[in-house]
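Comments concern the structure below.
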Amino acid sequence: QVQLVESGGGLVQAGGSLRLSCAASGRTFSSYAMGWFRQAPGKEREFVAAISWSGTKTHYLDSVMGRFTISRDNAKDTVNLQMNSLRPEDTAVYYCAADAAGPFGTATSLAQPNVKKYWGQGTQVTVSS
C-alpha cells in the first residue's frame with residue numbers, strides 16, 4: 001500500500017522559513033515524479049512545486065519561484081520543500097503528491113490536474129503577519 005507522510009509544518013512569522021518533508025513507502029518512488037500542492041481555506045487545491053524522477057528538472061508556481069526549493073533523495077524515498085521568505089498568503093494545508101500514472105514522468109506533467117496522483121494526508125503551514 002502506497003503511503004506518503006508529510007512532516008515539518010507549523011506556525012511561522014512572515015519572512016520566516018519552514019522545511020517540509022515527505023516520506024514515501026509501499027513502492028520505490030525513485031522512478032516517479034513527486035511534488036507539493038496546497039489548499040487554503042475556501043480555495044481549491046493548487047500546484048506548488050514538482051520534481052522529475054531524476055531530480056534534474058523542477059517546476060514551480062510563479063508566486064513561489066525564488067522562495068521555495070524542492071529536492072529529493074531517491075536513496076531514502078523522500079522529497080523536501082524548503083520554504084523561505086514566507087508570506088501570509090502561503091498559509092494552507094500542504095500535500096505531498098507522487099505520480100501514479102507511471103514512471104519517468106516530468107515535473108510539468110505532475111502539475112497537471114488530470115494526472116493521477118497518490119496523496120499524503122497534508123500538513124498545516126500557517127504564516128502570521
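Ligands are numbered from 1 in the order shown, chains are lettered A, B, ... in the order of the C-alpha cells, and residues start at 1 in each chain.
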Practice prompt. Go through chain A and collect every residue that DSSP, computed from the backbone, puts in strand (DSSP E); the answer should be as a VMD selection string.
Written response: chain A and resid 3 to 7 10 to 13 18 to 25 34 to 39 46 to 51 58 to 60 68 to 73 78 to 83 92 to 99 117 to 119 123 to 128
Worksheet item: Counting only C-alpha atoms, what is within 9 Å of Pro88 (chain A), bar same-chain residues fewer than 4 positions away, as a count of residues only?
Response: 6
Worksheet item: Neighbours of Ala23 (chain A) within 8 Å (only C-alpha atoms; same-chain residues fewer than 4 positions away dropped), as a PyMOL selection string?
Response: chain A and resi 3-6+76-79
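Closest approach to Asn74 (chain A) among A:Gln112, A:Ser17, A:Gln124, A:Ser31: A:Ser31, based on only C-alpha atoms.
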Do a neighbour search on Trp119 (chain A) at 10 Å with only C-alpha atoms, toss out local chain neighbours closer than 6 positions, and write the hits as a PDB file with N, CA and C atoms, in the first residue's frame.
```
ATOM      1  N   VAL A   2       0.598   2.134  -0.921  1.00  0.00           N
ATOM      2  CA  VAL A   2       1.392   3.356  -1.025  1.00  0.00           C
ATOM      3  C   VAL A   2       1.034   4.309   0.101  1.00  0.00           C
ATOM      4  N   GLN A   3       2.058   4.858   0.739  1.00  0.00           N
ATOM      5  CA  GLN A   3       1.849   5.867   1.786  1.00  0.00           C
ATOM      6  C   GLN A   3       2.795   7.022   1.584  1.00  0.00           C
ATOM      7  N   LEU A   4       2.256   8.218   1.711  1.00  0.00           N
ATOM      8  CA  LEU A   4       3.050   9.438   1.704  1.00  0.00           C
ATOM      9  C   LEU A   4       2.774  10.149   3.015  1.00  0.00           C
ATOM     10  N   VAL A   5       3.807  10.415   3.784  1.00  0.00           N
ATOM     11  CA  VAL A   5       3.644  11.032   5.102  1.00  0.00           C
ATOM     12  C   VAL A   5       4.441  12.324   5.152  1.00  0.00           C
ATOM     13  N   GLU A   6       3.707  13.436   5.327  1.00  0.00           N
ATOM     14  CA  GLU A   6       4.341  14.751   5.394  1.00  0.00           C
ATOM     15  C   GLU A   6       4.702  15.100   6.837  1.00  0.00           C
ATOM     16  N   GLY A  35       5.868  15.826  -5.949  1.00  0.00           N
ATOM     17  CA  GLY A  35       5.660  17.265  -5.820  1.00  0.00           C
ATOM     18  C   GLY A  35       4.852  17.648  -4.608  1.00  0.00           C
ATOM     19  N   TRP A  36       4.541  18.949  -4.543  1.00  0.00           N
ATOM     20  CA  TRP A  36       3.765  19.519  -3.450  1.00  0.00           C
ATOM     21  C   TRP A  36       2.620  20.358  -4.009  1.00  0.00           C
ATOM     22  N   PHE A  37       1.482  20.232  -3.356  1.00  0.00           N
ATOM     23  CA  PHE A  37       0.317  21.040  -3.648  1.00  0.00           C
ATOM     24  C   PHE A  37      -0.146  21.660  -2.333  1.00  0.00           C
ATOM     25  N   TYR A  95       0.197  19.374   0.712  1.00  0.00           N
ATOM     26  CA  TYR A  95       0.079  17.951   0.425  1.00  0.00           C
ATOM     27  C   TYR A  95       1.241  17.480  -0.449  1.00  0.00           C
ATOM     28  N   CYS A  96       1.805  16.366  -0.068  1.00  0.00           N
ATOM     29  CA  CYS A  96       2.790  15.689  -0.907  1.00  0.00           C
ATOM     30  C   CYS A  96       2.047  14.858  -1.947  1.00  0.00           C
ATOM     31  N   ALA A  97       2.587  14.807  -3.155  1.00  0.00           N
ATOM     32  CA  ALA A  97       1.967  14.038  -4.229  1.00  0.00           C
ATOM     33  C   ALA A  97       3.024  13.263  -4.990  1.00  0.00           C
ATOM     34  N   ALA A  98       2.627  12.087  -5.459  1.00  0.00           N
ATOM     35  CA  ALA A  98       3.513  11.266  -6.277  1.00  0.00           C
ATOM     36  C   ALA A  98       2.753  10.828  -7.524  1.00  0.00           C
ATOM     37  N   ASP A  99       3.464  10.761  -8.617  1.00  0.00           N
ATOM     38  CA  ASP A  99       2.854  10.394  -9.888  1.00  0.00           C
ATOM     39  C   ASP A  99       2.366   8.952  -9.834  1.00  0.00           C
ATOM     40  N   ALA A 100       1.073   8.765 -10.066  1.00  0.00           N
ATOM     41  CA  ALA A 100       0.512   7.416 -10.086  1.00  0.00           C
ATOM     42  C   ALA A 100       0.257   6.939 -11.506  1.00  0.00           C
TER      43      ALA A 100
END
```
Discussion item. Between A:Met34, A:Ala107, A:Met65, A:Val115, which residue has the minimum interatomic distance to Ser21 (chain A), considering only C-alpha atoms?
Written reply: A:Met34
Item to complete: Tell me, as a ChimeraX atom specification, which residues lie within 10 Å of Ser30 (chain A), counting only C-alpha atoms; anything in the same chain fewer than 6 positions away does not count.
Response: /A:24,52-55,72-78,103-104
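The residues of chain A that DSSP classifies as helix (DSSP H, G or I), using the backbone of this structure, are A:Asp62, A:Ser63, A:Val64, A:Pro88, A:Glu89, A:Asp90, A:Ala107, A:Thr108, A:Ser109, A:Leu110.
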Worksheet, complete the sentence: Of A:Ser109, A:Tyr94, A:His59, A:Gly26, the one sitting nearest Gly122 (chain A) when using only C-alpha atoms is A:Tyr94
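With only C-alpha atoms as the basis for measurement, A:Arg19 is the residue among A:Arg19, A:Arg27, A:Arg38, A:Lys116 that approaches Arg67 (chain A) most closely.
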Item to complete: In Å, rounded to a single decimal, give me how far CA of Ile51 (chain A) is from CA of Thr106 (chain A).
Response: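 Distance reported for this atom pair: 7.3 Å.
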Response to the item:
Separating CA of Gln121 (chain A) from CA of Ser85 (chain A), to the nearest tenth of an Å, is a gap of 24.8 Å
Fill in: Atomic distance CA of Gly102 (chain A) - CA of Phe68 (chain A), expressed in Å with one decimal
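A separation of 26.1 Å between them.
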Item to complete: Using only C-alpha atoms, pick whichever of A:Lys57, A:Thr28, A:Cys22, A:Val125 has the shortest atom-to-atom distance to Ala92 (chain A).
Response: A:Val125
Worksheet item: Excluding same-chain residues fewer than 5 positions from Leu61 (chain A), what lies within 10 Å of it counting only C-alpha atoms, as number ranges by chain?
Response: A: 37, 46-50, 68, 111
Worksheet item: Taking into account only C-alpha atoms, which residue in the set A:Gln1, A:Gln39, A:Asn114, A:Thr56 is nearest to Asp90 (chain A)?
Response: A:Gln39
